[in-house]
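Visitor: Structure file start.cif, mmCIF, C-alpha atoms and all ligand atoms, is pasted below:
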data_entry
loop_
_atom_site.label_atom_id
_atom_site.label_comp_id
_atom_site.auth_asym_id
_atom_site.auth_seq_id
_atom_site.Cartn_x
_atom_site.Cartn_y
_atom_site.Cartn_z
CA MET A 1 52.25 54.57 120.39
CA ILE A 2 49.84 56.99 121.98
CA PHE A 3 50.12 60.76 121.78
CA PHE A 4 48.09 63.26 123.71
CA SER A 5 46.49 66.04 121.74
CA GLN A 6 43.12 66.71 123.27
CA SER A 7 41.63 70.12 123.68
CA ASP A 8 40.89 71.01 127.26
CA GLY A 9 37.27 72.12 126.89
CA GLN A 10 35.49 73.89 129.72
CA VAL A 11 35.90 71.16 132.33
CA GLN A 12 36.14 72.21 135.97
CA ARG A 13 39.37 70.58 137.14
CA SER A 14 41.56 70.90 140.17
CA GLU A 15 44.79 72.85 139.67
CA LYS A 16 46.81 69.62 139.73
CA GLU A 17 44.60 68.06 137.09
CA GLN A 18 44.67 71.16 134.93
CA GLU A 19 48.45 71.11 135.03
CA MET A 20 48.55 67.43 134.03
CA HIS A 21 46.14 68.00 131.15
CA ARG A 22 48.23 70.96 130.02
CA SER A 23 51.46 68.93 130.14
CA PHE A 24 49.91 66.29 127.91
CA ARG A 25 48.31 68.75 125.55
CA ASP A 26 51.65 70.56 125.11
CA ARG A 27 53.48 67.24 124.86
CA ASP A 28 55.73 67.91 127.81
CA ILE A 29 54.59 64.48 128.85
CA MET A 30 53.65 61.74 126.38
CA LEU A 31 52.21 58.28 126.57
CA ARG A 32 53.94 55.18 125.23
CA MET A 33 52.68 51.60 125.25
CA VAL A 34 55.62 49.19 125.18
CA SER A 35 55.71 45.42 125.40
CA SER A 36 58.43 42.86 124.75
CA SER A 37 55.89 40.95 122.68
CA ASP A 38 56.22 43.67 120.05
CA ALA A 39 59.30 43.02 117.89
CA ASP A 40 59.68 46.78 117.29
CA ALA A 41 59.37 47.70 120.96
CA ASP A 42 61.70 50.43 122.16
CA ARG A 43 63.88 48.38 124.54
CA SER A 44 65.55 51.49 125.93
CA LEU A 45 62.15 52.59 127.26
CA LEU A 46 61.65 49.18 128.84
CA LEU A 47 65.04 49.52 130.54
CA LYS A 48 64.14 52.97 131.81
CA ALA A 49 60.80 51.68 133.07
CA LYS A 50 62.58 48.86 134.86
CA CYS A 51 64.89 51.44 136.54
CA LEU A 52 61.93 53.57 137.63
CA PHE A 53 60.10 50.59 139.13
CA GLN A 54 63.27 49.34 140.84
CA LYS A 55 63.90 52.78 142.33
CA GLN A 56 60.33 53.35 143.49
CA LEU A 57 59.61 49.82 144.65
CA SER A 58 62.88 49.30 146.44
CA LYS A 59 61.61 46.46 148.62
CA MET A 60 60.78 44.29 145.62
CA PRO A 61 63.54 42.03 144.30
CA ARG A 62 65.25 43.80 141.38
CA GLU A 63 65.41 40.62 139.34
CA TYR A 64 61.66 40.11 139.77
CA ILE A 65 60.93 43.61 138.49
CA PHE A 66 63.22 43.04 135.53
CA ARG A 67 61.39 39.84 134.57
CA GLN A 68 57.95 41.43 134.88
CA VAL A 69 58.78 44.47 132.75
CA PHE A 70 60.32 42.33 130.02
CA ASP A 71 57.72 39.55 130.22
CA ASP A 72 56.11 39.37 126.80
CA LYS A 73 52.68 38.79 128.33
CA HIS A 74 52.96 42.17 130.03
CA VAL A 75 52.42 45.65 128.63
CA ASN A 76 53.96 48.83 130.02
CA MET A 77 51.95 52.01 129.81
CA LEU A 78 54.64 54.65 130.22
CA LEU A 79 54.64 58.40 130.66
CA VAL A 80 57.75 59.98 129.16
CA ASP A 81 59.04 63.53 129.19
CA ARG A 82 60.50 65.48 126.29
CA SER A 83 63.91 63.84 126.73
CA SER A 84 62.28 60.40 126.60
CA GLU A 85 62.86 59.78 130.30
CA VAL A 86 60.23 57.58 131.87
CA VAL A 87 58.52 59.58 134.62
CA GLY A 88 55.66 57.24 135.40
CA GLY A 89 54.35 53.89 134.36
CA ILE A 90 52.04 50.96 134.85
CA CYS A 91 53.18 47.44 134.09
CA TYR A 92 50.10 45.29 133.53
CA ARG A 93 48.80 42.07 132.13
CA PRO A 94 45.47 41.93 130.35
CA PHE A 95 43.24 38.90 130.83
CA PHE A 96 40.81 39.66 128.06
CA GLU A 97 38.84 36.43 128.21
CA GLU A 98 38.36 36.73 131.97
CA SER A 99 37.41 40.43 131.66
CA PHE A 100 40.08 41.87 133.88
CA VAL A 101 43.47 43.51 133.82
CA GLU A 102 46.09 42.92 136.49
CA ILE A 103 48.33 45.81 137.42
CA VAL A 104 51.65 44.18 138.21
CA PHE A 105 53.03 47.44 139.55
CA LEU A 106 52.90 51.14 139.01
CA ALA A 107 55.07 54.08 140.00
CA VAL A 108 55.64 57.76 139.44
CA ASP A 109 59.10 59.33 139.58
CA TYR A 110 59.88 61.23 142.83
CA ASP A 111 60.05 64.57 141.03
CA TYR A 112 56.53 64.14 139.70
CA GLN A 113 54.81 62.66 142.74
CA VAL A 114 52.06 64.53 144.61
CA ARG A 115 51.39 66.60 141.50
CA GLY A 116 48.47 64.66 140.14
CA MET A 117 50.40 62.39 137.81
CA GLY A 118 49.44 59.16 139.60
CA GLY A 119 45.75 60.01 139.38
CA PHE A 120 45.92 61.12 135.77
CA MET A 121 47.93 58.02 134.85
CA MET A 122 45.19 55.82 136.30
CA ASP A 123 42.50 57.70 134.35
CA LEU A 124 44.47 57.18 131.16
CA PHE A 125 44.96 53.55 132.06
CA LYS A 126 41.24 52.93 132.51
CA GLU A 127 40.44 54.50 129.15
CA SER A 128 43.30 52.65 127.49
CA ALA A 129 42.17 49.33 129.01
CA LYS A 130 38.66 49.91 127.64
CA LEU A 131 40.03 50.48 124.20
CA GLU A 132 42.11 47.33 124.40
CA MET A 133 39.17 45.27 125.68
CA LYS A 134 36.97 46.54 122.87
CA SER A 135 39.63 45.98 120.22
CA HIS A 136 40.20 42.48 121.51
CA ALA A 137 36.46 41.71 121.44
CA GLU A 138 36.29 42.95 117.85
CA GLY A 139 39.46 41.09 116.91
CA VAL A 140 41.33 44.22 115.81
CA GLY A 141 44.64 45.54 117.10
CA CYS A 142 44.90 48.88 118.86
CA SER A 143 48.61 49.57 118.62
CA SER A 144 48.58 53.07 117.15
CA LYS A 145 45.96 55.12 118.97
CA THR A 146 46.11 58.64 120.27
CA VAL A 147 44.86 59.86 123.62
CA ASP A 148 42.21 61.66 121.60
CA ASP A 149 40.92 58.17 120.94
CA LEU A 150 40.94 57.52 124.65
CA ASN A 151 39.17 60.75 125.38
CA SER A 152 36.45 60.22 122.80
CA PHE A 153 36.22 56.48 123.15
CA PRO A 154 33.74 54.79 120.77
CA GLU A 155 30.39 56.26 121.82
CA ARG A 156 30.90 54.92 125.37
CA ALA A 157 29.39 51.67 124.10
CA ALA A 158 28.77 49.24 126.90
CA GLY A 159 30.91 46.15 126.72
CA ARG A 160 31.13 43.32 129.25
CA PRO A 161 31.83 44.72 132.71
CA PHE A 162 35.52 44.48 133.47
CA TYR A 163 37.80 45.03 136.39
CA ILE A 164 41.30 46.14 137.27
CA MET A 165 42.85 44.02 139.99
CA THR A 166 46.10 44.46 141.86
CA TYR A 167 47.88 43.60 145.05
CA ALA A 168 48.39 47.08 146.48
CA ASP A 169 51.39 47.83 148.60
CA ASN A 170 49.96 48.72 152.00
CA PHE A 171 51.49 52.21 151.80
CA ALA A 172 49.73 52.84 148.51
CA ILE A 173 46.23 51.67 149.48
CA GLY A 174 45.13 55.27 150.05
CA TYR A 175 46.16 56.14 146.51
CA PHE A 176 44.22 53.20 145.06
CA MET A 177 41.13 54.10 147.10
CA LYS A 178 41.24 57.60 145.62
CA GLN A 179 41.27 56.01 142.17
CA GLY A 180 38.07 54.05 142.82
CA PHE A 181 39.61 50.78 144.01
CA SER A 182 38.14 48.82 146.87
CA THR A 183 39.33 46.08 149.17
CA ARG A 184 35.83 44.64 148.95
CA ILE A 185 36.30 42.05 146.25
CA ARG A 186 33.21 41.33 144.20
CA PHE A 187 34.86 40.06 141.07
CA GLY A 188 35.67 36.37 141.29
CA CYS A 189 37.31 35.44 137.98
CA TRP A 190 40.82 36.45 139.03
CA ILE A 191 41.23 33.31 141.14
CA GLY A 192 43.78 31.03 139.59
CA PHE A 193 45.18 33.82 137.41
CA ILE A 194 46.82 36.13 139.95
CA LYS A 195 49.33 34.92 142.48
CA ASP A 196 48.75 35.62 146.14
CA TYR A 197 51.31 38.14 147.46
CA GLU A 198 52.39 38.54 151.06
CA GLY A 199 52.45 42.12 152.32
CA GLY A 200 49.95 43.42 149.79
CA THR A 201 46.20 43.84 149.83
CA LEU A 202 44.09 42.73 146.92
CA VAL A 203 42.06 45.62 145.56
CA GLU A 204 39.68 45.83 142.63
CA CYS A 205 38.19 48.59 140.55
CA ARG A 206 35.24 48.11 138.26
CA VAL A 207 35.69 50.09 135.08
CA TYR A 208 32.48 51.65 133.84
CA TRP A 209 32.14 51.92 130.10
CA GLU A 210 29.75 54.83 130.35
CA ILE A 211 32.19 57.02 132.29
CA ASN A 212 34.98 58.88 130.58
CA TYR A 213 37.58 58.83 133.34
CA LEU A 214 39.49 61.66 131.71
CA ARG A 215 36.41 63.77 132.37
CA ARG A 216 35.35 62.22 135.62
CA ARG A 217 34.76 65.47 137.52
CA GLU A 218 32.31 66.55 134.87
CA VAL A 219 30.64 63.14 135.02
CA VAL A 220 30.39 63.17 138.83
CA GLU A 221 28.95 66.69 138.84
CA SER A 222 26.26 65.83 136.30
CA MET A 223 25.42 62.58 138.14
CA LYS A 224 25.12 64.46 141.43
CA GLU A 225 22.80 66.99 139.84
CA LYS A 226 20.63 64.25 138.35
CA LEU A 227 20.53 62.38 141.65
CA PHE A 228 19.36 65.47 143.53
CA ARG A 229 16.74 66.21 140.88
CA ASP A 230 15.43 62.63 141.11
CA MET A 231 15.44 62.70 144.92
CA GLU A 232 13.38 65.86 144.93
CA LYS A 233 10.68 63.96 143.05
CA VAL A 234 10.35 61.22 145.67
CA ASN A 235 10.93 63.02 148.96
CA ASP A 236 11.37 66.46 150.41
CA CYS A 237 15.06 66.13 151.21
CA HIS A 238 15.66 69.44 149.42
CA VAL A 239 13.39 71.32 151.82
CA VAL A 240 15.46 73.17 154.41
CA HIS A 241 13.78 73.34 157.82
CA ARG A 242 14.91 76.11 160.13
CA ILE A 243 14.80 76.07 163.89
CA ALA A 244 13.62 79.43 165.14
CA ASP A 245 14.31 78.82 168.79
CA TYR A 246 16.68 76.06 169.90
CA SER A 247 15.35 76.16 173.45
CA ASP A 248 12.16 74.54 172.06
CA VAL A 249 14.08 71.45 170.97
CA LYS A 250 13.98 68.92 173.76
CA ARG A 251 13.47 65.68 171.83
CA ILE A 252 14.22 64.45 168.33
CA CYS A 253 10.55 64.90 167.38
CA ASP A 254 10.87 68.62 168.16
CA ILE A 255 13.29 69.04 165.26
CA PRO A 256 11.32 70.36 162.27
CA GLY A 257 11.31 67.74 159.51
CA ALA A 258 12.11 64.75 161.77
CA ARG A 259 10.33 61.75 160.31
CA ASP A 260 6.92 61.18 161.89
CA GLU A 261 7.10 57.42 162.14
CA GLU A 262 10.45 57.51 163.94
CA CYS A 263 9.00 59.86 166.50
CA SER A 264 5.76 57.98 166.94
CA THR A 265 7.31 54.60 167.77
CA PRO A 266 8.11 54.89 171.47
CA GLN A 267 10.14 51.71 171.76
CA LEU A 268 11.28 49.14 169.28
CA GLN A 269 9.80 45.71 169.62
CA SER A 270 12.53 43.41 170.85
CA GLY A 271 11.92 41.06 167.86
CA THR A 272 12.49 43.96 165.48
CA ALA A 273 15.57 45.05 167.38
CA LEU A 274 16.96 41.51 167.15
CA ASN A 275 16.35 41.32 163.41
CA ARG A 276 17.82 44.75 162.88
CA LEU A 277 20.97 43.91 164.77
CA ILE A 278 21.39 40.58 162.96
CA SER A 279 20.71 42.23 159.58
CA TYR A 280 23.28 44.85 160.38
CA LEU A 281 25.86 42.24 161.42
CA ILE A 282 25.21 40.26 158.22
CA SER A 283 25.58 43.35 156.01
CA ASP A 284 28.73 44.25 157.86
CA LEU A 285 30.14 40.76 157.23
CA LYS A 286 29.14 40.97 153.58
CA CYS A 287 31.05 44.23 153.25
CA ASN A 288 34.24 42.68 154.55
CA ALA A 289 36.74 42.28 151.73
CA SER A 290 37.41 38.70 152.75
CA ALA A 291 33.79 37.61 152.92
CA TRP A 292 33.42 36.81 149.23
CA PRO A 293 33.66 33.00 149.76
CA PHE A 294 30.73 33.19 152.19
CA LEU A 295 28.24 35.24 150.21
CA LYS A 296 26.49 32.33 148.52
CA PRO A 297 26.15 28.60 149.18
CA VAL A 298 29.03 26.47 147.92
CA SER A 299 27.91 25.11 144.59
CA ALA A 300 27.73 21.33 144.34
CA GLU A 301 28.49 21.67 140.64
CA GLU A 302 31.71 23.59 141.23
CA VAL A 303 32.77 21.60 144.29
CA PRO A 304 31.22 18.14 143.80
CA ASP A 305 32.52 16.53 147.01
CA TYR A 306 31.75 19.49 149.29
CA HIS A 307 28.49 18.10 150.62
CA GLU A 308 30.07 14.74 151.36
CA HIS A 309 32.35 16.46 153.87
CA ILE A 310 30.15 19.30 155.05
CA LEU A 311 26.81 18.08 156.30
CA GLN A 312 25.43 21.39 157.53
CA PRO A 313 26.34 24.07 154.97
CA MET A 314 25.89 27.68 155.99
CA ASP A 315 26.52 31.01 154.27
CA LEU A 316 25.52 34.65 154.59
CA SER A 317 22.68 34.46 152.06
CA MET A 318 21.11 31.64 154.09
CA MET A 319 21.39 33.77 157.20
CA SER A 320 19.73 36.72 155.42
CA GLY A 321 16.88 34.39 154.44
CA LYS A 322 16.46 33.29 158.03
CA VAL A 323 16.24 36.93 159.16
CA GLU A 324 13.62 37.69 156.51
CA ARG A 325 11.55 34.74 157.70
CA SER A 326 12.15 35.78 161.35
CA GLU A 327 13.62 32.37 162.11
CA TYR A 328 16.11 33.61 164.65
CA SER A 329 14.61 33.66 168.11
CA GLY A 330 17.82 34.79 169.78
CA ILE A 331 21.16 36.34 168.92
CA GLY A 332 22.94 33.16 170.06
CA GLU A 333 21.41 31.19 167.16
CA PHE A 334 22.80 33.69 164.68
CA ILE A 335 26.26 33.62 166.27
CA ASP A 336 26.18 29.82 166.07
CA ASP A 337 25.40 30.04 162.34
CA VAL A 338 28.38 32.34 161.72
CA ARG A 339 30.61 29.95 163.66
CA LEU A 340 29.22 26.99 161.70
CA MET A 341 29.93 28.78 158.40
CA LEU A 342 33.53 29.46 159.42
CA SER A 343 34.22 26.05 160.90
CA ASN A 344 32.89 24.44 157.68
CA CYS A 345 35.41 26.52 155.78
CA PHE A 346 38.28 25.60 158.11
CA ARG A 347 37.35 21.94 157.89
CA TYR A 348 37.08 21.73 154.12
CA ASN A 349 39.94 24.00 153.03
CA GLY A 350 43.64 23.52 153.70
CA LYS A 351 45.56 26.05 155.80
CA ASP A 352 47.42 27.49 152.80
CA THR A 353 44.32 28.26 150.78
CA GLN A 354 42.87 31.68 150.16
CA TYR A 355 39.55 30.42 151.61
CA HIS A 356 41.17 29.47 154.91
CA LYS A 357 42.83 32.90 155.13
CA CYS A 358 39.51 34.59 154.37
CA ALA A 359 37.78 32.62 157.13
CA GLN A 360 40.46 33.68 159.62
CA ILE A 361 40.03 37.34 158.70
CA VAL A 362 36.24 37.15 158.88
CA GLN A 363 36.43 35.33 162.21
CA GLU A 364 38.64 38.01 163.68
CA HIS A 365 36.45 40.76 162.29
CA PHE A 366 33.28 39.15 163.61
CA GLY A 367 34.86 38.73 167.06
CA LYS A 368 35.61 42.45 167.15
CA LYS A 369 32.06 43.32 166.10
CA LEU A 370 30.58 41.11 168.82
CA ALA A 371 32.82 42.79 171.39
CA PHE A 372 31.82 46.23 170.12
CA TYR A 373 28.09 45.46 170.30
CA LYS A 374 28.34 43.48 173.54
CA HIS A 375 26.03 45.87 175.39
CA ALA A 376 23.27 45.50 172.77
CA ILE A 377 23.75 41.74 172.55
CA ASP A 378 23.60 41.38 176.33
CA ARG A 379 20.39 43.40 176.44
CA LEU A 380 18.80 41.24 173.75
CA ALA A 381 19.88 38.10 175.58
CA GLU A 382 18.21 39.25 178.84
N1 LIG A 401 48.31 57.29 150.48
C1 LIG A 401 47.13 57.99 150.45
N2 LIG A 401 46.77 58.80 149.43
C2 LIG A 401 47.64 58.96 148.42
C3 LIG A 401 48.90 58.31 148.39
C4 LIG A 401 49.21 57.43 149.47
N3 LIG A 401 50.35 56.75 149.51
N4 LIG A 401 49.54 58.67 147.26
C5 LIG A 401 48.71 59.52 146.60
N5 LIG A 401 47.58 59.69 147.32
C6 LIG A 401 46.41 60.50 146.93
C7 LIG A 401 46.76 61.95 146.75
O1 LIG A 401 46.65 62.66 147.95
C8 LIG A 401 45.75 62.38 145.71
O2 LIG A 401 44.53 62.66 146.34
P1 LIG A 401 43.58 63.88 145.79
O3 LIG A 401 43.12 63.44 144.42
O4 LIG A 401 42.48 63.93 146.78
O5 LIG A 401 44.44 65.08 145.73
C9 LIG A 401 45.55 61.14 144.85
O6 LIG A 401 45.99 60.02 145.66
C10 LIG A 401 46.35 61.16 143.57
O7 LIG A 401 47.65 61.60 143.89
P2 LIG A 401 48.73 61.89 142.80
O8 LIG A 401 49.49 63.11 143.16
O9 LIG A 401 48.11 61.85 141.46
O10 LIG A 401 49.68 60.58 142.98
P3 LIG A 401 51.23 60.49 142.74
O11 LIG A 401 51.61 61.11 141.47
O12 LIG A 401 51.95 60.94 143.96
O13 LIG A 401 51.38 58.91 142.58
C11 LIG A 401 51.96 56.81 143.57
C12 LIG A 401 51.00 58.00 143.60
C13 LIG A 401 51.91 56.16 142.20
C14 LIG A 401 51.50 55.78 144.60
C15 LIG A 401 53.38 57.34 143.88
O14 LIG A 401 53.40 57.87 145.18
C16 LIG A 401 54.48 56.29 143.78
O15 LIG A 401 55.02 56.06 142.70
N6 LIG A 401 54.84 55.69 144.92
C17 LIG A 401 55.96 54.74 144.99
C18 LIG A 401 55.66 53.46 144.26
C19 LIG A 401 54.42 52.78 144.80
O16 LIG A 401 54.17 52.75 146.00
N7 LIG A 401 53.64 52.20 143.86
C20 LIG A 401 52.43 51.44 144.20
C21 LIG A 401 52.83 50.10 144.69
S1 LIG A 401 51.49 48.95 144.69
C22 LIG A 401 51.47 48.33 143.14
O17 LIG A 401 52.31 48.66 142.37
C23 LIG A 401 50.42 47.41 142.72
#
Would you kindly transcribe this structure into structure tokens?
Ligand code: ACO
Guide:
Amino acid sequence: MIFFSQSDGQVQRSEKEQEMHRSFRDRDIMLRMVSSSDADADRSLLLKAKCLFQKQLSKMPREYIFRQVFDDKHVNMLLVDRSSEVVGGICYRPFFEESFVEIVFLAVDYDYQVRGMGGFMMDLFKESAKLEMKSHAEGVGCSSKTVDDLNSFPERAAGRPFYIMTYADNFAIGYFMKQGFSTRIRFGCWIGFIKDYEGGTLVECRVYWEINYLRRREVVESMKEKLFRDMEKVNDCHVVHRIADYSDVKRICDIPGARDEECSTPQLQSGTALNRLISYLISDLKCNASAWPFLKPVSAEEVPDYHEHILQPMDLSMMSGKVERSEYSGIGEFIDDVRLMLSNCFRYNGKDTQYHKCAQIVQEHFGKKLAFYKHAIDRLAE
């Protein structure tokens, strides 16, 4: 069981956050970790959690929610009020060996929504997951910890990087983004462990050991300050230039502080413009959440028969290399490489695979980008 008893300190928090911290400090809201795997688990709390999830996730089959909450591989991090009603919770499954935790689902009771509970719950969850990861690595249990432990987690010692993964309901993506999740999937070890869900978007959040998420505002403020101090050492971005008379500003170079080299290059060389556009399109593809299968060459070790079927492999890192070596003499060659990469994927992977789906998404995305930059592409092709 986890109880909250931290002192609030002098942290600058939003009103919502302050209220949440106060509720926990005064024990109006408390934290409980409950899992069916624990013989002493409070089953009534599990039932209440099941009711909360069923109410808040009304489109999910009720039976499915029941099974997940009572699954003994799952843990429920619950927020309860003074009358032991469950007002928020996260049902999750830790994959310690693979260094990630899957959130099966999470919800906050209607009466508590939009008051900061969802955000605070996620902060607690991140700190709690760290503690569990560390305890697992050290081979000790962590069943009876307080939130004080979460708040002053063992000297922020760096462990192996780990992630929180979940299929976010499309209505809740905004919430997950606010909590540091991204649709850009960099972590690969979830494959084969999490089922693919229709109607949800896979999101990931890397959990940083060195950040205390219960004090994240403080952390962000001090990082910002450090960043600005460091930037001042390498450039003059802190210098504020004033324009005395706006009628003197006719061109970009007339703006005080505009970078000299940008003003002195009258026209970009077409070769440079080509490489810039291709580099941009490659970075854009790399940023797409579904581009992870295309970032690096397919490994012959991991997929031994790949090169028997695919005679001309292609991936985004190979394309980046070609740009660096200025091997593209026209935009058409680059577009052909992207098409080759995707058609290889379609050819090798069955229609039902995640890889096939990713290739479809990337193809559609790339098509839109080409349409958007048509004017620039046409000019380069002239
Ligand atoms: N879309 C965009 N932003 C959102 C959303 C949303 N649906 N919900 C909350 N936010 C933002 C808030 O504006 C706030 O931003 P701020 O920090 O800039 O002020 C931030 O996220 C945190 O908001 P909270 O008030 O802490 O969140 P709340 O207590 O309302 O809880 C939650 C959010 C858990 C999504 C709640 O609305 C809920 O229970 N919804 C129904 C169940 C649900 O959809 N669960 C997720 C399903 S997906 C899954 O389980 C894997």
Visitor: For CA of Ile29 in chain A and CA of Val220 in chain A, quote the distance in Å rounded to one decimal.
Guide: 26.2 Å
Visitor: For the atom pair CA of Tyr167 in chain A and atom C21 of ligand LIG 401 (chain A), what is the interatomic distance in Å to one decimal place?
Guide: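 One can read the CA of Tyr167 in chain A to atom C21 of ligand LIG 401 (chain A) distance as 8.2 Å.
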Visitor: Sort by chain and increasing residue number a table of all residues of chain A within 7 Å of ligand LIG 401 (chain A), each with its closest pair of atoms and their distance in Å to one decimal, counting only C-alpha atoms and all ligand atoms, and write it as a Markdown table.
Guide:
| residue | atom | partner | partner_atom | distance |
| --- | --- | --- | --- | --- |
| A:Gln56 | CA | A:LIG401 | C18 | 4.7 |
| A:Leu57 | CA | A:LIG401 | C18 | 5.4 |
| A:Ile103 | CA | A:LIG401 | C23 | 5.9 |
| A:Val104 | CA | A:LIG401 | C23 | 5.7 |
| A:Phe105 | CA | A:LIG401 | O17 | 3.2 |
| A:Leu106 | CA | A:LIG401 | O17 | 4.2 |
| A:Ala107 | CA | A:LIG401 | O15 | 3.3 |
| A:Val108 | CA | A:LIG401 | O15 | 3.7 |
| A:Asp109 | CA | A:LIG401 | O15 | 6.1 |
| A:Tyr112 | CA | A:LIG401 | O11 | 6.0 |
| A:Gln113 | CA | A:LIG401 | O12 | 3.6 |
| A:Val114 | CA | A:LIG401 | O8 | 3.3 |
| A:Arg115 | CA | A:LIG401 | O8 | 4.3 |
| A:Gly116 | CA | A:LIG401 | O9 | 3.1 |
| A:Met117 | CA | A:LIG401 | O11 | 4.1 |
| A:Gly118 | CA | A:LIG401 | O11 | 3.5 |
| A:Gly119 | CA | A:LIG401 | O9 | 3.6 |
| A:Phe120 | CA | A:LIG401 | O9 | 6.1 |
| A:Thr166 | CA | A:LIG401 | C23 | 5.3 |
| A:Tyr167 | CA | A:LIG401 | C23 | 5.1 |
| A:Ala168 | CA | A:LIG401 | S1 | 4.0 |
| A:Asp169 | CA | A:LIG401 | S1 | 4.1 |
| A:Phe171 | CA | A:LIG401 | N3 | 5.2 |
| A:Ala172 | CA | A:LIG401 | N3 | 4.1 |
| A:Ile173 | CA | A:LIG401 | N1 | 6.1 |
| A:Gly174 | CA | A:LIG401 | C1 | 3.4 |
| A:Tyr175 | CA | A:LIG401 | C2 | 3.7 |
| A:Lys178 | CA | A:LIG401 | O6 | 5.3 |
Visitor: Given the choices A:Ser84, A:Tyr373, A:Val69, A:Ile255, which gets closest to Ile243 in chain A if the distance is worked out from only C-alpha atoms?
Guide: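 So, comparing all the options, the nearest one is A:Ile255.
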Visitor: Give me, please, the distance in Å between CA of Ala381 in chain A and CA of Glu333 in chain A, quoted to one decimal.
Guide: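 Taking CA of Ala381 in chain A as the start and CA of Glu333 in chain A as the end point, the length is 11.0 Å.
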Visitor: Hey, which of A:Ile310, A:Leu227, A:Val239, A:Leu295 ends up closest to Gly188 in chain A? Count only C-alpha atoms.
Guide: A:Leu295
Visitor: Looking at all atoms listed in the file, which of A:Tyr348, A:Cys253, A:Phe66, A:Arg215 is the one that sits closest to Glu17 in chain A?
Guide: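 Smallest distance to Glu17 in chain A is found for A:Arg215.
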Visitor: Nearest to Gly192 in chain A among A:Lys357, A:Glu98, A:Asn235, A:Leu79, with distances taken over all atoms listed in the file: which residue is it?
Guide: A:Glu98
Visitor: Residues within 12 Å of (48.6, 34.6, 146.3), file coordinates, counting all atoms listed in the file: what are they? Give the list as a list in words.
Guide: Thr166, Tyr167, Trp190, Ile191, Gly192, Phe193, Ile194, Lys195, Asp196, Tyr197, Glu198, Gly199, Gly200, Thr201, Leu202, Asp352, Thr353, Gln354, Tyr355 and Lys357 of chain A
Visitor: Could you check which of A:Ser23, A:Phe96, A:Gln360, A:Ile278 is closest to Glu138 in chain A, using only C-alpha atoms?
Guide: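 The answer is A:Phe96, which sits nearest to Glu138 in chain A.
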Visitor: Would you list the contacts of Leu274 in chain A as a list in words, taking every protein, DNA or RNA residue within 10 Å and counting only C-alpha atoms, but skipping same-chain residues closer than 4 positions in sequence?
Guide: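 Final neighbour list, sorted by chain and number: Leu268, Gln269, Ser270, Ile278, Ser279, Tyr280, Val323, Ser326, Tyr328, Ser329, Gly330, Ile331, Ala376, Ile377, Leu380 and Ala381 of chain A.
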Visitor: With all atoms listed in the file as the counted atoms, please give the residues lying no more than 10 Å from Leu281 in chain A, apart from itself and same-chain residues fewer than 5 positions off, as a PyMOL selection string.
Guide: chain A and resi 275-276+286-287+334-335+366+369-370+373
Visitor: Please dump the current selection as a PDB file, in the frame of the given file; keep C-alpha atoms.
Guide:
ATOM      1  CA  ASN A 275      16.350  41.320 163.410  1.00  0.00           C
ATOM      2  CA  ARG A 276      17.820  44.750 162.880  1.00  0.00           C
ATOM      3  CA  LYS A 286      29.140  40.970 153.580  1.00  0.00           C
ATOM      4  CA  CYS A 287      31.050  44.230 153.250  1.00  0.00           C
ATOM      5  CA  PHE A 334      22.800  33.690 164.680  1.00  0.00           C
ATOM      6  CA  ILE A 335      26.260  33.620 166.270  1.00  0.00           C
ATOM      7  CA  PHE A 366      33.280  39.150 163.610  1.00  0.00           C
ATOM      8  CA  LYS A 369      32.060  43.320 166.100  1.00  0.00           C
ATOM      9  CA  LEU A 370      30.580  41.110 168.820  1.00  0.00           C
ATOM     10  CA  TYR A 373      28.090  45.460 170.300  1.00  0.00           C
TER      11      TYR A 373
END
Visitor: Could you list, as a list in words, every residue within 10 Å of Gln68 in chain A, counting all atoms listed in the file and ignoring same-chain residues fewer than 6 positions away?
Guide: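 In the requested format, the answer is Lys50, His74, Val75, Asn76, Cys91, Tyr92, Arg93, Val104 and Phe105 of chain A.
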Visitor: Identify which of the residues A:Lys126, A:Lys134, A:Arg27, A:His309 lies closest to Ile164 in chain A, counting only C-alpha atoms when measuring atom-to-atom distances.
Guide: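 The answer is A:Lys126, which sits nearest to Ile164 in chain A.
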Visitor: Go ahead and find all residues with at least one atom no further than 12 Å from (65.6, 51.9, 139.6) in the file's coordinates, using all atoms listed in the file; report them as a PyMOL selection string.
Guide: chain A and resi 46-63+65-66+86-87+107-110
Visitor: Which polymer residues have any atom within 10 Å of an atom of Ser343 in chain A, counting all atoms listed in the file, with same-chain residues fewer than 2 positions away left out, as a list in words?
Guide: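 Here the answer would be Ile310, Met314, Asp337, Val338, Arg339, Leu340, Met341, Cys345, Phe346, Arg347, Tyr348, Asn349, His356, Ala359, Gln360 and Gln363 of chain A.
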